[in-house]
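Chemist: Input structure: target-v8.txt, which contains compact mmCIF, N, CA and C atoms.
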```txt
# COMPACT_ATOMS: atom_id res chain seq x y z
N MET A 1 0.85 -1.18 0.00
CA MET A 1 0.00 0.00 0.00
C MET A 1 0.89 1.24 0.00
N ASN A 2 0.65 2.13 -0.91
CA ASN A 2 1.40 3.37 -0.98
C ASN A 2 0.76 4.44 -0.12
N THR A 3 1.59 5.20 0.56
CA THR A 3 1.13 6.29 1.41
C THR A 3 1.92 7.53 1.05
N LYS A 4 1.28 8.68 1.09
CA LYS A 4 1.97 9.93 0.79
C LYS A 4 2.84 10.35 1.95
N LEU A 5 3.95 11.02 1.60
CA LEU A 5 4.89 11.50 2.60
C LEU A 5 5.27 12.92 2.21
N THR A 6 5.22 13.83 3.14
CA THR A 6 5.59 15.22 2.89
C THR A 6 6.96 15.47 3.49
N LEU A 7 7.87 16.00 2.66
CA LEU A 7 9.23 16.30 3.10
C LEU A 7 9.54 17.77 2.87
N SER A 8 10.38 18.34 3.69
CA SER A 8 10.86 19.70 3.49
C SER A 8 12.32 19.61 3.06
N ILE A 9 12.57 19.95 1.79
CA ILE A 9 13.90 19.83 1.22
C ILE A 9 14.19 21.10 0.42
N GLU A 10 15.45 21.52 0.43
CA GLU A 10 15.83 22.72 -0.31
C GLU A 10 15.50 22.55 -1.80
N GLN A 11 15.05 23.64 -2.41
CA GLN A 11 14.61 23.62 -3.81
C GLN A 11 15.71 23.12 -4.75
N GLU A 12 16.95 23.54 -4.52
CA GLU A 12 18.06 23.10 -5.38
C GLU A 12 18.25 21.59 -5.32
N VAL A 13 18.10 21.05 -4.13
CA VAL A 13 18.26 19.60 -3.96
C VAL A 13 17.14 18.86 -4.69
N ILE A 14 15.94 19.38 -4.60
CA ILE A 14 14.79 18.76 -5.28
C ILE A 14 15.01 18.76 -6.79
N GLU A 15 15.44 19.89 -7.33
CA GLU A 15 15.66 19.99 -8.77
C GLU A 15 16.75 19.03 -9.23
N ALA A 16 17.83 18.95 -8.47
CA ALA A 16 18.92 18.03 -8.82
C ALA A 16 18.43 16.59 -8.74
N ALA A 17 17.63 16.28 -7.74
CA ALA A 17 17.11 14.92 -7.57
C ALA A 17 16.15 14.56 -8.71
N LYS A 18 15.34 15.51 -9.14
CA LYS A 18 14.43 15.27 -10.26
C LYS A 18 15.22 15.01 -11.54
N ASP A 19 16.28 15.78 -11.76
CA ASP A 19 17.13 15.56 -12.93
C ASP A 19 17.76 14.16 -12.89
N TYR A 20 18.25 13.78 -11.72
CA TYR A 20 18.85 12.46 -11.55
C TYR A 20 17.82 11.37 -11.86
N ALA A 21 16.63 11.51 -11.31
CA ALA A 21 15.58 10.51 -11.52
C ALA A 21 15.22 10.41 -12.99
N LYS A 22 15.10 11.55 -13.65
CA LYS A 22 14.75 11.56 -15.07
C LYS A 22 15.82 10.87 -15.91
N LYS A 23 17.09 11.17 -15.61
CA LYS A 23 18.20 10.55 -16.35
C LYS A 23 18.23 9.04 -16.17
N HIS A 24 17.74 8.56 -15.04
CA HIS A 24 17.76 7.14 -14.76
C HIS A 24 16.41 6.47 -15.02
N GLY A 25 15.47 7.21 -15.60
CA GLY A 25 14.17 6.65 -15.96
C GLY A 25 13.33 6.21 -14.78
N LYS A 26 13.44 6.93 -13.68
CA LYS A 26 12.68 6.60 -12.48
C LYS A 26 11.97 7.83 -11.97
N SER A 27 10.99 7.61 -11.11
CA SER A 27 10.33 8.74 -10.46
C SER A 27 11.12 9.12 -9.22
N LEU A 28 10.96 10.34 -8.78
CA LEU A 28 11.62 10.78 -7.56
C LEU A 28 11.14 9.96 -6.36
N SER A 29 9.86 9.65 -6.35
CA SER A 29 9.32 8.81 -5.27
C SER A 29 10.01 7.45 -5.24
N ASN A 30 10.24 6.88 -6.42
CA ASN A 30 10.90 5.58 -6.49
C ASN A 30 12.34 5.66 -5.99
N ILE A 31 13.05 6.74 -6.33
CA ILE A 31 14.43 6.93 -5.87
C ILE A 31 14.46 7.00 -4.34
N VAL A 32 13.56 7.79 -3.77
CA VAL A 32 13.51 7.95 -2.31
C VAL A 32 13.16 6.61 -1.65
N GLU A 33 12.20 5.90 -2.22
CA GLU A 33 11.79 4.61 -1.65
C GLU A 33 12.95 3.61 -1.68
N GLU A 34 13.67 3.54 -2.81
CA GLU A 34 14.81 2.63 -2.91
C GLU A 34 15.89 2.98 -1.88
N TYR A 35 16.11 4.27 -1.71
CA TYR A 35 17.12 4.71 -0.74
C TYR A 35 16.74 4.30 0.68
N LEU A 36 15.48 4.53 1.04
CA LEU A 36 15.03 4.18 2.38
C LEU A 36 15.07 2.66 2.60
N LYS A 37 14.74 1.90 1.57
CA LYS A 37 14.84 0.44 1.68
C LYS A 37 16.29 0.02 1.89
N ALA A 38 17.20 0.63 1.14
CA ALA A 38 18.62 0.29 1.27
C ALA A 38 19.12 0.60 2.68
N LEU A 39 18.69 1.71 3.24
CA LEU A 39 19.09 2.05 4.61
C LEU A 39 18.61 0.99 5.61
N SER A 40 17.37 0.59 5.47
CA SER A 40 16.83 -0.38 6.42
C SER A 40 17.46 -1.76 6.23
N GLU A 41 17.83 -2.13 5.00
CA GLU A 41 18.50 -3.41 4.76
C GLU A 41 19.88 -3.42 5.38
N LYS A 42 20.61 -2.31 5.26
CA LYS A 42 21.95 -2.23 5.86
C LYS A 42 21.86 -2.40 7.37
N LYS A 43 20.88 -1.74 7.97
CA LYS A 43 20.72 -1.81 9.42
C LYS A 43 20.39 -3.23 9.84
N SER A 44 19.46 -3.88 9.14
CA SER A 44 19.08 -5.23 9.53
C SER A 44 20.21 -6.21 9.28
N THR A 45 21.03 -5.99 8.26
CA THR A 45 22.18 -6.85 8.01
C THR A 45 23.19 -6.73 9.14
N LYS A 46 23.45 -5.52 9.61
CA LYS A 46 24.38 -5.32 10.70
C LYS A 46 23.87 -5.98 11.98
N GLU A 47 22.57 -5.93 12.19
CA GLU A 47 21.99 -6.51 13.39
C GLU A 47 22.08 -8.04 13.36
N ARG A 48 22.00 -8.64 12.14
CA ARG A 48 22.00 -10.09 12.02
C ARG A 48 23.38 -10.70 12.17
N VAL A 49 24.42 -9.95 11.88
CA VAL A 49 25.77 -10.50 11.93
C VAL A 49 26.19 -10.69 13.38
N GLU A 50 26.45 -11.93 13.72
CA GLU A 50 26.90 -12.22 15.07
C GLU A 50 28.12 -13.12 14.97
N LEU A 51 29.18 -12.75 15.64
CA LEU A 51 30.41 -13.51 15.58
C LEU A 51 30.29 -14.77 16.43
N SER A 52 30.91 -15.84 15.92
CA SER A 52 30.91 -17.08 16.69
C SER A 52 31.80 -16.91 17.92
N LYS A 53 31.67 -17.83 18.85
CA LYS A 53 32.43 -17.76 20.10
C LYS A 53 33.93 -17.78 19.84
N ILE A 54 34.37 -18.64 18.92
CA ILE A 54 35.79 -18.77 18.64
C ILE A 54 36.34 -17.49 18.00
N VAL A 55 35.56 -16.87 17.13
CA VAL A 55 36.00 -15.62 16.49
C VAL A 55 36.10 -14.52 17.53
N LYS A 56 35.15 -14.47 18.43
CA LYS A 56 35.20 -13.47 19.50
C LYS A 56 36.44 -13.65 20.37
N GLU A 57 36.78 -14.92 20.65
CA GLU A 57 37.95 -15.19 21.47
C GLU A 57 39.25 -14.82 20.76
N LEU A 58 39.28 -15.02 19.45
CA LEU A 58 40.49 -14.74 18.68
C LEU A 58 40.64 -13.26 18.30
N GLN A 59 39.57 -12.53 18.39
CA GLN A 59 39.57 -11.12 18.00
C GLN A 59 40.64 -10.35 18.76
N GLY A 60 41.53 -9.69 18.02
CA GLY A 60 42.57 -8.87 18.63
C GLY A 60 43.79 -9.64 19.09
N SER A 61 43.84 -10.94 18.82
CA SER A 61 44.99 -11.74 19.29
C SER A 61 46.21 -11.60 18.40
N ILE A 62 46.05 -11.06 17.22
CA ILE A 62 47.17 -10.88 16.30
C ILE A 62 47.31 -9.39 15.99
N SER A 63 48.54 -8.92 16.04
CA SER A 63 48.78 -7.55 15.61
C SER A 63 49.85 -7.58 14.52
N LEU A 64 49.56 -6.92 13.43
CA LEU A 64 50.48 -6.90 12.30
C LEU A 64 51.58 -5.88 12.52
N PRO A 65 52.75 -6.13 11.94
CA PRO A 65 53.82 -5.15 12.05
C PRO A 65 53.41 -3.83 11.40
N LYS A 66 53.90 -2.74 11.89
CA LYS A 66 53.52 -1.43 11.37
C LYS A 66 53.94 -1.24 9.92
N ASP A 67 54.99 -1.92 9.49
CA ASP A 67 55.46 -1.76 8.12
C ASP A 67 54.81 -2.74 7.15
N SER A 68 53.80 -3.52 7.58
CA SER A 68 53.16 -4.48 6.69
C SER A 68 52.27 -3.73 5.70
N LYS A 69 52.15 -4.30 4.49
CA LYS A 69 51.34 -3.68 3.45
C LYS A 69 49.90 -4.15 3.56
N SER A 70 48.99 -3.30 3.15
CA SER A 70 47.58 -3.68 3.13
C SER A 70 47.33 -4.58 1.93
N TYR A 71 46.21 -5.28 1.97
CA TYR A 71 45.83 -6.13 0.85
C TYR A 71 45.74 -5.31 -0.43
N LYS A 72 45.18 -4.12 -0.34
CA LYS A 72 45.01 -3.26 -1.50
C LYS A 72 46.37 -2.91 -2.11
N LYS A 73 47.33 -2.59 -1.27
CA LYS A 73 48.68 -2.25 -1.74
C LYS A 73 49.36 -3.47 -2.35
N LEU A 74 49.22 -4.64 -1.73
CA LEU A 74 49.80 -5.86 -2.28
C LEU A 74 49.21 -6.19 -3.65
N LEU A 75 47.91 -6.04 -3.80
CA LEU A 75 47.24 -6.29 -5.07
C LEU A 75 47.72 -5.30 -6.12
N GLN A 76 47.81 -4.04 -5.75
CA GLN A 76 48.29 -3.01 -6.67
C GLN A 76 49.70 -3.34 -7.15
N ASP A 77 50.58 -3.70 -6.24
CA ASP A 77 51.96 -4.04 -6.60
C ASP A 77 52.00 -5.24 -7.54
N ALA A 78 51.17 -6.25 -7.27
CA ALA A 78 51.14 -7.45 -8.12
C ALA A 78 50.66 -7.12 -9.51
N LEU A 79 49.65 -6.27 -9.64
CA LEU A 79 49.14 -5.88 -10.95
C LEU A 79 50.15 -5.06 -11.72
N ILE A 80 50.83 -4.17 -11.03
CA ILE A 80 51.89 -3.38 -11.70
C ILE A 80 52.99 -4.31 -12.19
N GLU A 81 53.39 -5.25 -11.36
CA GLU A 81 54.44 -6.20 -11.75
C GLU A 81 54.00 -7.03 -12.94
N LYS A 82 52.74 -7.47 -12.95
CA LYS A 82 52.24 -8.33 -14.02
C LYS A 82 52.08 -7.59 -15.34
N TYR A 83 51.55 -6.39 -15.31
CA TYR A 83 51.17 -5.73 -16.56
C TYR A 83 52.12 -4.61 -17.01
N LEU A 84 52.89 -4.07 -16.14
CA LEU A 84 53.72 -2.92 -16.52
C LEU A 84 55.22 -3.22 -16.54
N ARG A 85 55.62 -4.39 -16.13
CA ARG A 85 57.06 -4.68 -16.13
C ARG A 85 57.38 -5.86 -17.00
```
Let's see the structure in the file written out as structure tokens.

Modeler:
Amino acid sequence: MNTKLTLSIEQEVIEAAKDYAKKHGKSLSNIVEEYLKALSEKKSTKERVELSKIVKELQGSISLPKDSKSYKKLLQDALIEKYLR
């Protein structure tokens, strides 16, 4: 069941949102509804995630050296090595 909702939003934001909706072939109402659904899904996903007992016990038991590279940096280096050298 659809219900009307009244919002107070700056005129510039409304115009930009309408342009965005038009470019994507959607109504502004649909854009807002999708956004609100996405917010509630993220919240419910966070609430559902519960760590197992063993993971909770192991949490924080390892500390990496300060000079260790992140996964992103390691991947970047590997790609550079593979494709640029």

Chemist: Would you mind reading off the distance between atom N of Leu7 (chain A) and atom N of Lys26 (chain A), one decimal, in Å?

Modeler: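 Distance reported for this atom pair: 19.5 Å.
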
Chemist: Have a look at A:Ile54, A:Lys82, A:Glu34, A:Lys4 and name the one nearest to Ala21 (chain A); count only C-alpha atoms.

Modeler: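 Closest to Ala21 (chain A) of all the choices is A:Glu34.
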
Chemist: For the atom pair CA of Leu36 (chain A) and CA of Ala16 (chain A), what is the interatomic distance in Å to one decimal place?

Modeler: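 Atom-to-atom, CA of Leu36 (chain A) to CA of Ala16 (chain A), that is 18.2 Å.
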
Chemist: Once DSSP has gone over the backbone, tell me which residues of chain A are in helix (DSSP H, G or I), as a PyMOL selection string.

Modeler: chain A and resi 11-23+28-48+53-58+71-84

Chemist: One number please: atom C of Ala17 (chain A) to CA of Ile31 (chain A), in Å, one decimal.

Modeler: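 We find that atom C of Ala17 (chain A) and CA of Ile31 (chain A) lie 8.3 Å from each other.
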
Chemist: Let me make sure I understand: among A:Asn30, A:Gln76, A:Ser52, A:Thr3, which one has the smallest atom-to-atom distance to Lys18 (chain A) if we use only C-alpha atoms?

Modeler: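 Using only C-alpha atoms, the shortest distance to Lys18 (chain A) belongs to A:Asn30.
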